[in-house]
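**Q** Below is final-v4.cif; it holds mmCIF, C-alpha atoms.
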data_start
loop_
_atom_site.label_atom_id
_atom_site.label_comp_id
_atom_site.auth_asym_id
_atom_site.auth_seq_id
_atom_site.Cartn_x
_atom_site.Cartn_y
_atom_site.Cartn_z
CA MET A 650 -5.31 -33.89 100.93
CA SER A 651 -3.94 -30.40 100.45
CA HIS A 652 -2.87 -28.89 97.14
CA ASN A 653 0.81 -29.13 98.14
CA GLU A 654 0.46 -32.83 98.93
CA LYS A 655 -1.23 -33.44 95.56
CA SER A 656 1.48 -31.54 93.68
CA HIS A 657 4.18 -33.46 95.60
CA ILE A 658 2.55 -36.75 94.57
CA GLY A 659 2.39 -35.56 90.95
CA ALA A 660 6.04 -34.56 91.12
CA GLY A 661 6.94 -38.05 92.35
CA TRP A 662 5.28 -39.65 89.35
CA ARG A 663 7.13 -37.23 87.05
CA VAL A 664 10.41 -38.18 88.74
CA LEU A 665 9.49 -41.83 88.22
CA ALA A 666 8.75 -41.18 84.53
CA GLY A 667 12.12 -39.47 84.12
CA GLY A 668 13.94 -42.33 85.86
CA PHE A 669 12.04 -44.81 83.71
CA VAL A 670 13.19 -43.12 80.51
CA ILE A 671 16.79 -42.88 81.73
CA MET A 672 16.93 -46.56 82.69
CA PHE A 673 15.07 -47.59 79.53
CA VAL A 674 17.78 -45.95 77.44
CA SER A 675 20.93 -46.56 79.50
CA SER A 676 20.23 -50.15 80.53
CA GLY A 677 18.53 -51.07 77.29
CA ILE A 678 21.43 -49.87 75.17
CA GLY A 679 24.31 -50.22 77.63
CA ILE A 680 23.54 -53.72 78.85
CA TYR A 681 21.30 -55.60 76.44
CA THR A 682 22.57 -54.66 72.98
CA PHE A 683 26.16 -55.90 73.31
CA PRO A 684 25.43 -59.45 72.00
CA VAL A 685 23.92 -58.01 68.81
CA PHE A 686 27.28 -56.42 68.02
CA LEU A 687 29.33 -59.63 68.47
CA LEU A 688 29.27 -60.90 64.87
CA PRO A 689 29.95 -57.51 63.23
CA LEU A 690 32.77 -56.76 65.69
CA GLU A 691 34.22 -60.24 65.20
CA ALA A 692 34.26 -59.77 61.42
CA HIS A 693 35.61 -56.22 61.53
CA PHE A 694 38.41 -56.79 64.03
CA GLY A 695 39.25 -60.33 62.89
CA THR A 696 39.07 -61.62 66.43
CA SER A 697 37.35 -64.52 68.10
CA ARG A 698 33.93 -64.48 69.68
CA THR A 699 35.66 -65.72 72.83
CA THR A 700 37.71 -62.52 73.03
CA LEU A 701 34.64 -60.38 72.50
CA THR A 702 32.53 -62.24 75.05
CA ALA A 703 35.46 -61.89 77.46
CA LEU A 704 35.21 -58.15 76.82
CA GLY A 705 31.50 -58.27 77.63
CA SER A 706 32.20 -60.19 80.83
CA LEU A 707 34.90 -57.71 81.79
CA LEU A 708 32.51 -54.83 81.28
CA PHE A 709 29.80 -56.45 83.40
CA LEU A 710 32.37 -57.11 86.14
CA ALA A 711 33.64 -53.53 85.92
CA SER A 712 30.09 -52.25 86.20
CA GLY A 713 29.50 -54.46 89.23
CA PHE A 714 32.71 -53.42 90.94
CA VAL A 715 32.02 -49.70 90.52
CA THR A 716 28.47 -49.97 91.87
CA PRO A 717 29.59 -49.34 95.48
CA LEU A 718 31.44 -46.24 94.24
CA VAL A 719 28.27 -45.12 92.49
CA GLY A 720 26.43 -45.56 95.78
CA LEU A 721 29.02 -43.44 97.58
CA ALA A 722 28.77 -40.77 94.88
CA VAL A 723 24.97 -40.76 95.15
CA HIS A 724 25.29 -40.33 98.91
CA ARG A 725 27.79 -37.49 98.54
CA TRP A 726 26.55 -35.55 95.49
CA GLY A 727 22.99 -36.81 95.01
CA PRO A 728 21.40 -39.02 92.37
CA ARG A 729 20.75 -36.28 89.83
CA ALA A 730 24.41 -35.25 89.70
CA VAL A 731 25.54 -38.88 89.39
CA ILE A 732 23.04 -39.59 86.59
CA GLY A 733 24.21 -36.48 84.72
CA TRP A 734 27.84 -37.46 85.18
CA GLY A 735 27.11 -41.02 83.98
CA ALA A 736 25.31 -39.76 80.88
CA SER A 737 28.23 -37.44 80.11
CA ILE A 738 30.43 -40.55 79.98
CA CYS A 739 28.05 -42.96 78.22
CA GLY A 740 27.02 -40.81 75.28
CA PRO A 741 30.50 -39.71 74.21
CA GLY A 742 31.79 -43.22 74.99
CA PHE A 743 29.43 -44.77 72.45
CA ILE A 744 30.22 -42.05 69.93
CA LEU A 745 33.96 -42.73 70.35
CA LEU A 746 33.29 -46.47 70.22
CA SER A 747 31.93 -45.94 66.71
CA GLN A 748 35.38 -44.69 65.70
CA ALA A 749 37.35 -47.65 67.11
CA THR A 750 39.88 -49.09 64.68
CA GLN A 751 41.78 -51.38 67.04
CA LEU A 752 40.51 -54.09 69.38
CA TRP A 753 42.21 -52.52 72.41
CA GLN A 754 40.08 -49.41 71.89
CA LEU A 755 36.95 -51.46 72.56
CA PHE A 756 38.44 -52.50 75.90
CA ALA A 757 39.67 -48.98 76.71
CA LEU A 758 36.33 -47.35 75.94
CA GLY A 759 34.27 -50.16 77.43
CA VAL A 760 35.38 -49.55 81.00
CA PRO A 761 34.25 -45.90 81.19
CA ILE A 762 31.03 -46.85 79.39
CA ALA A 763 30.40 -49.54 82.02
CA LEU A 764 30.94 -46.93 84.72
CA GLY A 765 28.58 -44.55 82.94
CA VAL A 766 25.89 -47.22 82.65
CA ALA A 767 26.21 -48.01 86.36
CA ALA A 768 25.93 -44.30 87.15
CA THR A 769 22.75 -43.88 85.08
CA ALA A 770 20.95 -47.08 86.00
CA HIS A 771 19.65 -48.74 89.14
CA ILE A 772 21.35 -47.16 92.16
CA PRO A 773 20.80 -43.46 91.45
CA ASN A 774 17.32 -43.89 89.95
CA GLN A 775 16.09 -46.12 92.76
CA THR A 776 17.47 -43.66 95.29
CA LEU A 777 15.80 -40.72 93.57
CA VAL A 778 12.44 -42.45 93.19
CA SER A 779 12.47 -43.74 96.77
CA GLN A 780 12.88 -40.15 97.98
CA TRP A 781 9.57 -39.21 96.35
CA PHE A 782 7.41 -42.15 97.42
CA ASP A 783 6.28 -43.39 100.80
CA GLU A 784 2.84 -44.91 100.33
CA HIS A 785 3.34 -46.28 96.78
CA ARG A 786 7.08 -46.94 96.96
CA GLY A 787 6.83 -50.64 96.05
CA ARG A 788 4.69 -49.93 93.01
CA ALA A 789 6.96 -47.09 91.94
CA MET A 790 10.07 -49.30 92.26
CA GLY A 791 8.39 -52.08 90.30
CA ILE A 792 7.54 -49.68 87.49
CA LEU A 793 11.05 -48.22 87.53
CA LEU A 794 12.74 -51.63 87.35
CA MET A 795 10.56 -52.65 84.39
CA ALA A 796 12.36 -49.95 82.42
CA SER A 797 15.61 -51.89 82.24
CA THR A 798 14.03 -55.03 80.79
CA LEU A 799 11.68 -53.16 78.49
CA GLY A 800 14.70 -51.20 77.26
CA GLY A 801 16.32 -54.48 76.29
CA VAL A 802 13.17 -55.62 74.50
CA PHE A 803 13.06 -52.34 72.57
CA TRP A 804 16.74 -51.59 71.87
CA VAL A 805 17.94 -55.07 70.83
CA PRO A 806 15.88 -55.13 67.59
CA VAL A 807 16.75 -51.47 67.02
CA ALA A 808 20.44 -52.39 67.28
CA HIS A 809 19.97 -55.23 64.80
CA LYS A 810 18.19 -52.95 62.30
CA LEU A 811 20.77 -50.20 62.70
CA ILE A 812 23.66 -52.63 62.21
CA THR A 813 21.97 -54.00 59.09
CA ARG A 814 21.38 -50.52 57.66
CA VAL A 815 24.36 -48.41 58.81
CA GLY A 816 26.87 -50.93 60.17
CA TRP A 817 28.12 -51.35 63.72
CA GLN A 818 29.91 -47.98 63.69
CA GLY A 819 26.75 -46.15 62.64
CA ALA A 820 24.75 -48.03 65.27
CA TYR A 821 27.17 -47.06 68.05
CA LEU A 822 27.18 -43.47 66.82
CA THR A 823 23.38 -43.43 66.76
CA PHE A 824 23.20 -44.88 70.28
CA GLY A 825 25.50 -42.19 71.61
CA VAL A 826 22.86 -39.52 70.99
CA PRO A 827 20.02 -40.79 73.24
CA LEU A 828 22.59 -41.71 75.89
CA LEU A 829 23.59 -38.07 76.09
#
Translate the structure of the given file into structure tokens.
**A**
Amino acid sequence: MSHNEKSHIGAGWRVLAGGFVIMFVSSGIGIYTFPVFLLPLEAHFGTSRTTLTALGSLLFLASGFVTPLVGLAVHRWGPRAVIGWGASICGPGFILLSQATQLWQLFALGVPIALGVAATAHIPNQTLVSQWFDEHRGRAMGILLMASTLGGVFWVPVAHKLITRVGWQGAYLTFGVPLL
């Protein structure tokens, strides 16, 4: 194996590590932590859990519906550009979410956040990683997809501790930083 082939293989594993971190953060925070916020949001906004879970369902549907658009964007502009664009929506979205004073603001900010999560998660990262792996593609994809679940395992207790210590607004504000 030539030096160039070895460096290309090493670059692929670095790309995988970067995708892993991105999905660990964006999926872990953007998908898995929402239920932890239900009780604090319910108390703060004086609304029902039904309304808030409807919001969560709406956001998951919105994320699902924009996934084909994310795929088109990845095809047109490349995965790196789409991931950067998604992060530029997610981070500020969570920061603005921390400032919400009305229930409608959760809905209004939730849709762009759902789009940002879709743009930083599976489609662009899988595309990027698959471009770097031929021989070990299955292993690389398996490792990459672990990031989403492990992000949930990590970020859910972090969300609970943050909410306990700094409230839901402080938790959303704190989450905006790694999402950037």
**Q** Can you work out which one of A:Ile671, A:Ala703, A:Ala749, A:Leu688 has the shortest atom-to-atom distance to Gln818 (chain A), counting only C-alpha atoms?
**A**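 Ranked by minimum distance to Gln818 (chain A), first place goes to A:Ala749.
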**Q** My list of candidates is A:Thr682, A:Trp753, A:Pro728, A:Trp662. Which is closest to Lys810 (chain A) when distances are computed with all atoms listed in the file?
**A**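 Closest residue, counting all atoms listed in the file: A:Thr682.
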**Q** Determine the residue set returned by the PyMOL selection byres ((chain A and resi 761) around 10) for the present structure, and present it as a PyMOL selection string.
**A** chain A and resi 708+711-712+735+738-739+742+756-760+762-767
**Q** Might you spell out which residues the PyMOL selection byres ((chain A and resi 687) around 10) would select in the displayed file, as a list of chain:residue names?
**A**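 Checked against the file, the PyMOL selection byres ((chain A and resi 687) around 10) matches A:Thr682, A:Phe683, A:Pro684, A:Val685, A:Phe686, A:Leu688, A:Pro689, A:Leu690, A:Glu691, A:Ala692, A:His693, A:Ser697, A:Arg698, A:Thr699, A:Thr700, A:Leu701, A:Thr702, A:Gly705, A:Trp817.
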**Q** Let me know the residues the PyMOL selection byres ((chain A and resi 731) around 8) catches in the file above, as a PyMOL selection string.
**A** chain A and resi 719+722-723+726-730+732-735+768-769+773
**Q** Between A:Ile772, A:Leu752, A:Ile678, A:Ala660, which has the minimum distance to Pro717 (chain A) (counting all atoms listed in the file)?
**A**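 Of A:Ile772, A:Leu752, A:Ile678, A:Ala660, the one nearest Pro717 (chain A), counting all atoms listed in the file, is A:Ile772.
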**Q** Tell me, in Å to one decimal, how far CA of Leu704 (chain A) is from CA of Ile680 (chain A).
**A**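 Interatomic distance here is 12.6 Å.
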**Q** Given the choices A:Val826, A:Phe803, A:Val815, A:Gln775, which gets closest to Leu665 (chain A) if the distance is worked out from only C-alpha atoms?
**A**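 Ranking A:Val826, A:Phe803, A:Val815, A:Gln775 by distance to Leu665 (chain A), first place goes to A:Gln775.
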**Q** In Å, how far is it from CA of Trp804 (chain A) to CA of Leu707 (chain A)?
**A** 21.6 Å
**Q** What is the distance between CA of Leu718 (chain A) and CA of Thr776 (chain A), in Å to one decimal?
**A** 14.2 Å
**Q** Measuring atom to atom with all atoms listed in the file, identify which of A:Ala808, A:Leu710, A:Ala770, A:Leu793 is nearest to Ser675 (chain A).
**A** A:Ala770
**Q** Counting only C-alpha atoms, figure out which residue out of A:Ala666, A:Gly659, A:Ala820, A:Leu828 gets nearest to Ser747 (chain A).
**A** A:Ala820
**Q** Quick one: residues within 12 Å of Val802 (chain A), all atoms listed in the file, excluding same-chain residues fewer than 3 positions away - as a VMD selection string?
**A** chain A and resid 673 to 674 676 to 678 680 to 682 795 to 799 805 to 809
**Q** Need the axis-aligned box for region 672-680 of chain A with 6 Å each side, so what are the centre and edges in Å to one decimal, as JSON?
**A**
{"center_x": 19.7, "center_y": -49.8, "center_z": 78.9, "size_x": 21.2, "size_y": 19.8, "size_z": 19.5}
**Q** As an mmCIF file, in the coordinates of the input, please: region 732-752 of chain A completed to N, CA and C atoms.
**A**
data_model
loop_
_atom_site.group_PDB
_atom_site.id
_atom_site.type_symbol
_atom_site.label_atom_id
_atom_site.label_comp_id
_atom_site.auth_asym_id
_atom_site.auth_seq_id
_atom_site.Cartn_x
_atom_site.Cartn_y
_atom_site.Cartn_z
ATOM 1 N N ILE A 732 23.654 -39.219 87.874
ATOM 2 C CA ILE A 732 23.040 -39.590 86.590
ATOM 3 C C ILE A 732 23.583 -38.690 85.478
ATOM 4 N N GLY A 733 23.667 -37.401 85.735
ATOM 5 C CA GLY A 733 24.210 -36.480 84.720
ATOM 6 C C GLY A 733 25.646 -36.790 84.384
ATOM 7 N N TRP A 734 26.434 -37.098 85.395
ATOM 8 C CA TRP A 734 27.840 -37.460 85.180
ATOM 9 C C TRP A 734 27.925 -38.752 84.360
ATOM 10 N N GLY A 735 27.102 -39.747 84.711
ATOM 11 C CA GLY A 735 27.110 -41.020 83.980
ATOM 12 C C GLY A 735 26.734 -40.843 82.518
ATOM 13 N N ALA A 736 25.728 -40.012 82.263
ATOM 14 C CA ALA A 736 25.310 -39.760 80.880
ATOM 15 C C ALA A 736 26.408 -39.040 80.101
ATOM 16 N N SER A 737 27.153 -38.166 80.796
ATOM 17 C CA SER A 737 28.230 -37.440 80.110
ATOM 18 C C SER A 737 29.390 -38.369 79.753
ATOM 19 N N ILE A 738 29.420 -39.552 80.343
ATOM 20 C CA ILE A 738 30.430 -40.550 79.980
ATOM 21 C C ILE A 738 29.881 -41.508 78.918
ATOM 22 N N CYS A 739 28.640 -41.965 79.119
ATOM 23 C CA CYS A 739 28.050 -42.960 78.220
ATOM 24 C C CYS A 739 27.914 -42.464 76.789
ATOM 25 N N GLY A 740 27.274 -41.323 76.625
ATOM 26 C CA GLY A 740 27.020 -40.810 75.280
ATOM 27 C C GLY A 740 28.289 -40.650 74.462
ATOM 28 N N PRO A 741 29.246 -39.856 74.950
ATOM 29 C CA PRO A 741 30.500 -39.710 74.210
ATOM 30 C C PRO A 741 31.255 -41.038 74.068
ATOM 31 N N GLY A 742 31.132 -41.912 75.072
ATOM 32 C CA GLY A 742 31.790 -43.220 74.990
ATOM 33 C C GLY A 742 31.298 -44.026 73.804
ATOM 34 N N PHE A 743 29.985 -44.058 73.596
ATOM 35 C CA PHE A 743 29.430 -44.770 72.450
ATOM 36 C C PHE A 743 29.808 -44.094 71.143
ATOM 37 N N ILE A 744 29.816 -42.777 71.143
ATOM 38 C CA ILE A 744 30.220 -42.050 69.930
ATOM 39 C C ILE A 744 31.675 -42.372 69.590
ATOM 40 N N LEU A 745 32.556 -42.368 70.584
ATOM 41 C CA LEU A 745 33.960 -42.730 70.350
ATOM 42 C C LEU A 745 34.105 -44.194 69.972
ATOM 43 N N LEU A 746 33.266 -45.055 70.555
ATOM 44 C CA LEU A 746 33.290 -46.470 70.220
ATOM 45 C C LEU A 746 33.035 -46.683 68.723
ATOM 46 N N SER A 747 32.227 -45.826 68.137
ATOM 47 C CA SER A 747 31.930 -45.940 66.710
ATOM 48 C C SER A 747 33.162 -45.670 65.847
ATOM 49 N N GLN A 748 34.169 -45.037 66.445
ATOM 50 C CA GLN A 748 35.380 -44.690 65.700
ATOM 51 C C GLN A 748 36.537 -45.658 65.957
ATOM 52 N N ALA A 749 36.288 -46.700 66.752
ATOM 53 C CA ALA A 749 37.350 -47.650 67.110
ATOM 54 C C ALA A 749 37.900 -48.348 65.872
ATOM 55 N N THR A 750 39.221 -48.403 65.790
ATOM 56 C CA THR A 750 39.880 -49.090 64.680
ATOM 57 C C THR A 750 40.733 -50.263 65.159
ATOM 58 N N GLN A 751 40.981 -50.320 66.450
ATOM 59 C CA GLN A 751 41.780 -51.380 67.040
ATOM 60 C C GLN A 751 40.992 -52.046 68.156
ATOM 61 N N LEU A 752 41.227 -53.336 68.357
ATOM 62 C CA LEU A 752 40.510 -54.090 69.380
ATOM 63 C C LEU A 752 40.729 -53.509 70.780
#
